[in-house]
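*Asks:* What follows is a single structure, and I will ask about it in a moment.
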Amino acid sequence: MNRRDDPNPFDDEDHQVNPFSNSKAAPASKSRIPQMFSNIGLGQKHDVTVDIPLDSMNDPKKKEKELAAWDADLKRRERDIKRREETVAGANVPVDDRNWPPFFPIIHHDISNEIPVNAQRLQYMAFGSWLGIVLCLVFNVLAVIICWAKGGGVKIFFLATIYALMGCPLSYVLWYRPLYRAMRTGSVLKFGWFFLFYMLHIGFCVFAAIAPPIVFHGKSLIGILAAVDVFSEHALVGKVYLFFRGQR
């Protein structure tokens with residue numbers, strides 16, 4: 001049997017072209033290769049291509065411009081912060097750090113360094129007045145506890161506690177701190193605020209010293225009338241009330 005007549009297994013069934021031959025028909029075999037790749041999804045015109053601008057990424061001039069702009073922005077912000085600090089320092093705005101009482105600082109208080117010398121004595125007197133009202137309200141709670149133990153009722157104890165918890169901070173916020181800042185800065189508005197609320201404070205002290213049972217319940221405030229009423233029933237409690245009245 002003649003082997004020359006055998007069919008070539010590499011011949012294209014359609015075109016009968018040998019892809020390994022060097023004949024002129026060989027380029028035609030290349031048309032099958034793109035078709036094979038297109039069948040598996042490669043080489044189509046709808047494929048996504050990503051163009052990476054390597055020139056822009058590796059451009060040293062562009063990076064240098066960005067760094068220069070960033071550095072200029074940082075310097076500008078630094079100048080703004082420095083200018084604000086200088087403005088605050090030039091305005092002599094004090095920083096109210098808490099330093100009193102020393103064992104548990106809750107307020108800012110430094111008369112010797114912040115108040116003018118000619119006004120320090122008056123400020124110390126005002127500070128003593130504020131401490132006086134704090135001590136009076138605390139003592140009021142203790143005296144009312146004694147009265148409660150003698151059958152005065154629990155309502156007067158709660159009222160006395162409310163007076164102390166509200167009177168101490170409100171007296172500081174409403175008139176002592178405005179006076180302190182007015183002495184320090186010379187603000188007329190703060191002086192007016194102080195005089196207004198200090199007059200109210202004096203009125204409350206006078207009312208509490210008399211303690212008429214027309215607004216406040218029973219003996220929640222230890223004053224003259226409450227002491228006279230209690231003294232007839234309990235001598236010890238009445239003496240405590242009169243002692244507190246004498247301290248005022």
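Naming works like this for the structure tokens: A, B, ... for the chains as they're shown, residue 1 at the start of each chain, ligands 1 onward in shown order.
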Kindly assemble as JSON lines a list of the segment 47-161 of chain A residues that lie within 9 Å of segment 169-173 of chain A, each paired with its nearest atom pair and their distance in Å to one decimal, using only C-alpha atoms, sorted first by chain and then by ascending residue number.

*Replies:*
```
{"residue": "A:Trp130", "atom": "CA", "partner": "A:Tyr172", "partner_atom": "CA", "distance": 7.2}
{"residue": "A:Ile133", "atom": "CA", "partner": "A:Ser171", "partner_atom": "CA", "distance": 8.3}
{"residue": "A:Val134", "atom": "CA", "partner": "A:Ser171", "partner_atom": "CA", "distance": 8.7}
```

*Asks:* Using all heavy atoms, can you write the selected residues to a file as a compact mmCIF listing (two decimals), in the first residue's frame?

*Replies:*
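out.txt was written with the following content:
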```
# COMPACT_ATOMS: atom_id res chain seq x y z
N TRP A 130 -18.59 84.03 100.78
CA TRP A 130 -19.05 82.83 100.07
C TRP A 130 -18.79 81.58 100.90
O TRP A 130 -19.64 80.69 100.98
CB TRP A 130 -18.34 82.72 98.72
CG TRP A 130 -18.76 81.49 97.98
CD1 TRP A 130 -19.97 81.23 97.42
CD2 TRP A 130 -17.96 80.32 97.75
NE1 TRP A 130 -19.99 79.99 96.83
CE2 TRP A 130 -18.76 79.42 97.02
CE3 TRP A 130 -16.65 79.96 98.06
CZ2 TRP A 130 -18.30 78.17 96.63
CZ3 TRP A 130 -16.19 78.72 97.68
CH2 TRP A 130 -17.01 77.83 96.96
N ILE A 133 -21.55 81.29 103.57
CA ILE A 133 -22.84 80.74 103.17
C ILE A 133 -22.74 79.23 102.96
O ILE A 133 -23.68 78.47 103.25
CB ILE A 133 -23.38 81.43 101.88
CG1 ILE A 133 -24.83 81.02 101.61
CG2 ILE A 133 -22.50 81.13 100.69
CD1 ILE A 133 -25.80 81.39 102.68
N VAL A 134 -21.58 78.76 102.50
CA VAL A 134 -21.40 77.31 102.35
C VAL A 134 -21.44 76.63 103.71
O VAL A 134 -22.13 75.61 103.90
CB VAL A 134 -20.07 77.02 101.63
CG1 VAL A 134 -19.77 75.52 101.65
CG2 VAL A 134 -20.12 77.51 100.19
```

*Asks:* Apply DSSP to the structure's backbone, then extract all residues of segment 69-223 of chain A labelled alpha helix (DSSP H) and return them as a PyMOL selection string.

*Replies:* chain A and resi 69-90+111-114+117-147+154-171+177-185+188-210

*Asks:* Looking at A:Thr161, A:Met125, A:Ile107, A:Arg79, which one is nearest to Ser220 of chain A, with distances taken over only C-alpha atoms?

*Replies:*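 Of the candidates, the smallest distance to Ser220 of chain A is held by A:Thr161.
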
*Asks:* Find the spatial neighbours of segment 154-158 of chain A, counting only C-alpha atoms, within a cut-off of 12 Å - ignore same-chain residues fewer than 3 positions away - and output them as a ChimeraX atom specification.

*Replies:* /A:138,140-151,161-165,213,216-222,226

*Asks:* Counting only C-alpha atoms, which of A:Arg181, A:Cys168, A:Asp96, A:Lys63 gets nearest to Ile115 of chain A?

*Replies:*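 Answer, going by the shortest atom-to-atom distance: A:Arg181.
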
*Asks:* Find the spatial neighbours of Trp193 of chain A, counting only C-alpha atoms, within a cut-off of 12 Å - ignore same-chain residues fewer than 4 positions away - and output them as a PDB file with all heavy atoms, in the first residue's frame.

*Replies:*
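Result file follows (out.pdb):
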```pdb
ATOM      1  N   VAL A 173     -21.537  80.468  91.251  1.00  0.00           N
ATOM      2  CA  VAL A 173     -21.700  80.768  89.827  1.00  0.00           C
ATOM      3  C   VAL A 173     -22.371  82.120  89.606  1.00  0.00           C
ATOM      4  O   VAL A 173     -21.986  82.875  88.700  1.00  0.00           O
ATOM      5  CB  VAL A 173     -22.502  79.643  89.132  1.00  0.00           C
ATOM      6  CG1 VAL A 173     -22.834  80.029  87.696  1.00  0.00           C
ATOM      7  CG2 VAL A 173     -21.715  78.350  89.158  1.00  0.00           C
ATOM      8  N   LEU A 174     -23.344  82.461  90.442  1.00  0.00           N
ATOM      9  CA  LEU A 174     -24.153  83.648  90.175  1.00  0.00           C
ATOM     10  C   LEU A 174     -23.518  84.948  90.663  1.00  0.00           C
ATOM     11  O   LEU A 174     -23.733  85.994  90.047  1.00  0.00           O
ATOM     12  CB  LEU A 174     -25.542  83.482  90.802  1.00  0.00           C
ATOM     13  CG  LEU A 174     -26.411  82.381  90.176  1.00  0.00           C
ATOM     14  CD1 LEU A 174     -27.739  82.284  90.910  1.00  0.00           C
ATOM     15  CD2 LEU A 174     -26.631  82.645  88.699  1.00  0.00           C
ATOM     16  N   TRP A 175     -22.752  84.909  91.767  1.00  0.00           N
ATOM     17  CA  TRP A 175     -22.218  86.194  92.220  1.00  0.00           C
ATOM     18  C   TRP A 175     -20.734  86.176  92.575  1.00  0.00           C
ATOM     19  O   TRP A 175     -20.041  87.167  92.337  1.00  0.00           O
ATOM     20  CB  TRP A 175     -23.022  86.739  93.412  1.00  0.00           C
ATOM     21  CG  TRP A 175     -22.946  85.954  94.691  1.00  0.00           C
ATOM     22  CD1 TRP A 175     -23.820  85.004  95.123  1.00  0.00           C
ATOM     23  CD2 TRP A 175     -21.952  86.069  95.710  1.00  0.00           C
ATOM     24  NE1 TRP A 175     -23.440  84.513  96.342  1.00  0.00           N
ATOM     25  CE2 TRP A 175     -22.307  85.161  96.741  1.00  0.00           C
ATOM     26  CE3 TRP A 175     -20.817  86.851  95.869  1.00  0.00           C
ATOM     27  CZ2 TRP A 175     -21.543  85.000  97.889  1.00  0.00           C
ATOM     28  CZ3 TRP A 175     -20.053  86.702  97.031  1.00  0.00           C
ATOM     29  CH2 TRP A 175     -20.417  85.786  98.017  1.00  0.00           C
ATOM     30  N   TYR A 176     -20.193  85.064  93.089  1.00  0.00           N
ATOM     31  CA  TYR A 176     -18.777  85.136  93.465  1.00  0.00           C
ATOM     32  C   TYR A 176     -17.859  85.089  92.242  1.00  0.00           C
ATOM     33  O   TYR A 176     -16.922  85.881  92.124  1.00  0.00           O
ATOM     34  CB  TYR A 176     -18.400  84.013  94.429  1.00  0.00           C
ATOM     35  CG  TYR A 176     -16.946  84.125  94.828  1.00  0.00           C
ATOM     36  CD1 TYR A 176     -16.530  85.117  95.713  1.00  0.00           C
ATOM     37  CD2 TYR A 176     -15.978  83.283  94.293  1.00  0.00           C
ATOM     38  CE1 TYR A 176     -15.194  85.253  96.060  1.00  0.00           C
ATOM     39  CE2 TYR A 176     -14.656  83.413  94.636  1.00  0.00           C
ATOM     40  CZ  TYR A 176     -14.268  84.400  95.524  1.00  0.00           C
ATOM     41  OH  TYR A 176     -12.938  84.534  95.842  1.00  0.00           O
ATOM     42  N   ARG A 177     -18.107  84.177  91.330  1.00  0.00           N
ATOM     43  CA  ARG A 177     -17.254  84.110  90.141  1.00  0.00           C
ATOM     44  C   ARG A 177     -17.368  85.359  89.276  1.00  0.00           C
ATOM     45  O   ARG A 177     -16.338  85.843  88.775  1.00  0.00           O
ATOM     46  CB  ARG A 177     -17.588  82.849  89.329  1.00  0.00           C
ATOM     47  CG  ARG A 177     -16.620  82.621  88.174  1.00  0.00           C
ATOM     48  CD  ARG A 177     -16.867  81.302  87.499  1.00  0.00           C
ATOM     49  NE  ARG A 177     -18.183  81.243  86.876  1.00  0.00           N
ATOM     50  CZ  ARG A 177     -18.634  80.196  86.195  1.00  0.00           C
ATOM     51  NH1 ARG A 177     -17.893  79.115  86.076  1.00  0.00           N
ATOM     52  NH2 ARG A 177     -19.835  80.219  85.654  1.00  0.00           N
ATOM     53  N   PRO A 178     -18.569  85.927  89.060  1.00  0.00           N
ATOM     54  CA  PRO A 178     -18.623  87.205  88.334  1.00  0.00           C
ATOM     55  C   PRO A 178     -17.831  88.313  89.021  1.00  0.00           C
ATOM     56  O   PRO A 178     -17.176  89.120  88.343  1.00  0.00           O
ATOM     57  CB  PRO A 178     -20.116  87.528  88.291  1.00  0.00           C
ATOM     58  CG  PRO A 178     -20.787  86.208  88.345  1.00  0.00           C
ATOM     59  CD  PRO A 178     -19.938  85.383  89.244  1.00  0.00           C
ATOM     60  N   LEU A 179     -17.858  88.351  90.367  1.00  0.00           N
ATOM     61  CA  LEU A 179     -17.070  89.365  91.069  1.00  0.00           C
ATOM     62  C   LEU A 179     -15.581  89.116  90.880  1.00  0.00           C
ATOM     63  O   LEU A 179     -14.805  90.065  90.654  1.00  0.00           O
ATOM     64  CB  LEU A 179     -17.422  89.352  92.561  1.00  0.00           C
ATOM     65  CG  LEU A 179     -16.588  90.306  93.431  1.00  0.00           C
ATOM     66  CD1 LEU A 179     -16.819  91.754  93.023  1.00  0.00           C
ATOM     67  CD2 LEU A 179     -16.897  90.092  94.904  1.00  0.00           C
ATOM     68  N   TYR A 180     -15.169  87.874  90.936  1.00  0.00           N
ATOM     69  CA  TYR A 180     -13.749  87.534  90.761  1.00  0.00           C
ATOM     70  C   TYR A 180     -13.261  87.956  89.376  1.00  0.00           C
ATOM     71  O   TYR A 180     -12.203  88.565  89.227  1.00  0.00           O
ATOM     72  CB  TYR A 180     -13.557  86.036  90.971  1.00  0.00           C
ATOM     73  CG  TYR A 180     -12.123  85.591  90.965  1.00  0.00           C
ATOM     74  CD1 TYR A 180     -11.379  85.579  92.138  1.00  0.00           C
ATOM     75  CD2 TYR A 180     -11.509  85.160  89.795  1.00  0.00           C
ATOM     76  CE1 TYR A 180     -10.062  85.158  92.142  1.00  0.00           C
ATOM     77  CE2 TYR A 180     -10.199  84.747  89.785  1.00  0.00           C
ATOM     78  CZ  TYR A 180      -9.473  84.737  90.965  1.00  0.00           C
ATOM     79  OH  TYR A 180      -8.155  84.330  90.948  1.00  0.00           O
ATOM     80  N   ARG A 181     -14.047  87.660  88.373  1.00  0.00           N
ATOM     81  CA  ARG A 181     -13.649  88.028  87.003  1.00  0.00           C
ATOM     82  C   ARG A 181     -13.744  89.525  86.778  1.00  0.00           C
ATOM     83  O   ARG A 181     -12.958  90.092  86.003  1.00  0.00           O
ATOM     84  CB  ARG A 181     -14.520  87.276  86.002  1.00  0.00           C
ATOM     85  CG  ARG A 181     -14.267  85.786  86.023  1.00  0.00           C
ATOM     86  CD  ARG A 181     -15.075  85.065  84.968  1.00  0.00           C
ATOM     87  NE  ARG A 181     -14.757  83.640  84.929  1.00  0.00           N
ATOM     88  CZ  ARG A 181     -15.326  82.773  84.109  1.00  0.00           C
ATOM     89  NH1 ARG A 181     -16.275  83.197  83.263  1.00  0.00           N
ATOM     90  NH2 ARG A 181     -14.971  81.501  84.129  1.00  0.00           N
ATOM     91  N   ALA A 182     -14.699  90.175  87.437  1.00  0.00           N
ATOM     92  CA  ALA A 182     -14.797  91.628  87.316  1.00  0.00           C
ATOM     93  C   ALA A 182     -13.585  92.306  87.945  1.00  0.00           C
ATOM     94  O   ALA A 182     -13.045  93.285  87.406  1.00  0.00           O
ATOM     95  CB  ALA A 182     -16.082  92.121  87.977  1.00  0.00           C
ATOM     96  N   SER A 187     -14.445  94.362  84.142  1.00  0.00           N
ATOM     97  CA  SER A 187     -15.645  94.356  83.313  1.00  0.00           C
ATOM     98  C   SER A 187     -16.813  94.982  84.072  1.00  0.00           C
ATOM     99  O   SER A 187     -17.175  94.533  85.169  1.00  0.00           O
ATOM    100  CB  SER A 187     -15.992  92.921  82.907  1.00  0.00           C
ATOM    101  OG  SER A 187     -17.216  92.870  82.225  1.00  0.00           O
ATOM    102  N   VAL A 188     -17.410  96.013  83.495  1.00  0.00           N
ATOM    103  CA  VAL A 188     -18.563  96.673  84.118  1.00  0.00           C
ATOM    104  C   VAL A 188     -19.776  95.749  84.117  1.00  0.00           C
ATOM    105  O   VAL A 188     -20.568  95.723  85.071  1.00  0.00           O
ATOM    106  CB  VAL A 188     -18.871  97.986  83.381  1.00  0.00           C
ATOM    107  CG1 VAL A 188     -20.091  98.672  83.985  1.00  0.00           C
ATOM    108  CG2 VAL A 188     -17.668  98.916  83.410  1.00  0.00           C
ATOM    109  N   LEU A 189     -19.945  94.974  83.059  1.00  0.00           N
ATOM    110  CA  LEU A 189     -21.086  94.065  82.966  1.00  0.00           C
ATOM    111  C   LEU A 189     -21.057  93.023  84.076  1.00  0.00           C
ATOM    112  O   LEU A 189     -22.092  92.722  84.693  1.00  0.00           O
ATOM    113  CB  LEU A 189     -21.082  93.383  81.597  1.00  0.00           C
ATOM    114  CG  LEU A 189     -22.229  92.404  81.320  1.00  0.00           C
ATOM    115  CD1 LEU A 189     -23.564  93.122  81.375  1.00  0.00           C
ATOM    116  CD2 LEU A 189     -22.023  91.719  79.974  1.00  0.00           C
ATOM    117  N   PHE A 197     -27.188  89.770  91.782  1.00  0.00           N
ATOM    118  CA  PHE A 197     -27.384  88.489  92.459  1.00  0.00           C
ATOM    119  C   PHE A 197     -26.899  88.515  93.901  1.00  0.00           C
ATOM    120  O   PHE A 197     -27.386  87.722  94.722  1.00  0.00           O
ATOM    121  CB  PHE A 197     -26.683  87.366  91.676  1.00  0.00           C
ATOM    122  CG  PHE A 197     -27.441  86.938  90.457  1.00  0.00           C
ATOM    123  CD1 PHE A 197     -27.101  87.447  89.208  1.00  0.00           C
ATOM    124  CD2 PHE A 197     -28.501  86.067  90.545  1.00  0.00           C
ATOM    125  CE1 PHE A 197     -27.802  87.077  88.084  1.00  0.00           C
ATOM    126  CE2 PHE A 197     -29.212  85.684  89.422  1.00  0.00           C
ATOM    127  CZ  PHE A 197     -28.867  86.194  88.182  1.00  0.00           C
ATOM    128  N   TYR A 198     -25.975  89.412  94.232  1.00  0.00           N
ATOM    129  CA  TYR A 198     -25.566  89.495  95.628  1.00  0.00           C
ATOM    130  C   TYR A 198     -26.691  90.100  96.477  1.00  0.00           C
ATOM    131  O   TYR A 198     -26.863  89.723  97.640  1.00  0.00           O
ATOM    132  CB  TYR A 198     -24.291  90.317  95.758  1.00  0.00           C
ATOM    133  CG  TYR A 198     -23.623  90.174  97.105  1.00  0.00           C
ATOM    134  CD1 TYR A 198     -23.048  88.960  97.477  1.00  0.00           C
ATOM    135  CD2 TYR A 198     -23.576  91.236  98.004  1.00  0.00           C
ATOM    136  CE1 TYR A 198     -22.437  88.813  98.719  1.00  0.00           C
ATOM    137  CE2 TYR A 198     -22.967  91.094  99.242  1.00  0.00           C
ATOM    138  CZ  TYR A 198     -22.398  89.880  99.591  1.00  0.00           C
ATOM    139  OH  TYR A 198     -21.800  89.735 100.823  1.00  0.00           O
ATOM    140  N   MET A 199     -27.450  91.033  95.930  1.00  0.00           N
ATOM    141  CA  MET A 199     -28.609  91.566  96.655  1.00  0.00           C
ATOM    142  C   MET A 199     -29.651  90.467  96.891  1.00  0.00           C
ATOM    143  O   MET A 199     -30.244  90.377  97.976  1.00  0.00           O
ATOM    144  CB  MET A 199     -29.224  92.730  95.871  1.00  0.00           C
ATOM    145  CG  MET A 199     -28.334  93.957  95.781  1.00  0.00           C
ATOM    146  SD  MET A 199     -27.907  94.634  97.392  1.00  0.00           S
ATOM    147  CE  MET A 199     -29.522  95.183  97.956  1.00  0.00           C
ATOM    148  N   LEU A 200     -29.860  89.625  95.889  1.00  0.00           N
ATOM    149  CA  LEU A 200     -30.768  88.485  96.081  1.00  0.00           C
ATOM    150  C   LEU A 200     -30.229  87.528  97.137  1.00  0.00           C
ATOM    151  O   LEU A 200     -30.997  86.962  97.942  1.00  0.00           O
ATOM    152  CB  LEU A 200     -30.970  87.757  94.752  1.00  0.00           C
ATOM    153  CG  LEU A 200     -31.685  88.545  93.652  1.00  0.00           C
ATOM    154  CD1 LEU A 200     -31.733  87.727  92.364  1.00  0.00           C
ATOM    155  CD2 LEU A 200     -33.094  88.935  94.086  1.00  0.00           C
TER     156      LEU A 200
END
```

*Asks:* Mind pulling up the distance from atom CA of Asn113 of chain A to atom CA of Gly186 of chain A?

*Replies:*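 Calculated distance between atom CA of Gly186 of chain A and atom CA of Asn113 of chain A is 15.4 Å.
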
*Asks:* For atom CA of Ala68 of chain A and atom CA of Lys82 of chain A, determine how far apart the two atoms are, in Å to one decimal place.

*Replies:* 21.0 Å

*Asks:* For the atom pair atom CA of Phe139 of chain A and atom CA of Phe103 of chain A, what is the interatomic distance in Å to one decimal place?

*Replies:* 21.8 Å

*Asks:* Can you work out which one of A:His201, A:Ile111, A:Ile81, A:Lys75 has the shortest atom-to-atom distance to Ser129 of chain A, counting only C-alpha atoms?

*Replies:* A:His201

*Asks:* With distances taken over only C-alpha atoms, which residue among A:Thr185, A:Leu137, A:Asp110, A:Phe194 lies nearest Ala208 of chain A?

*Replies:* A:Leu137
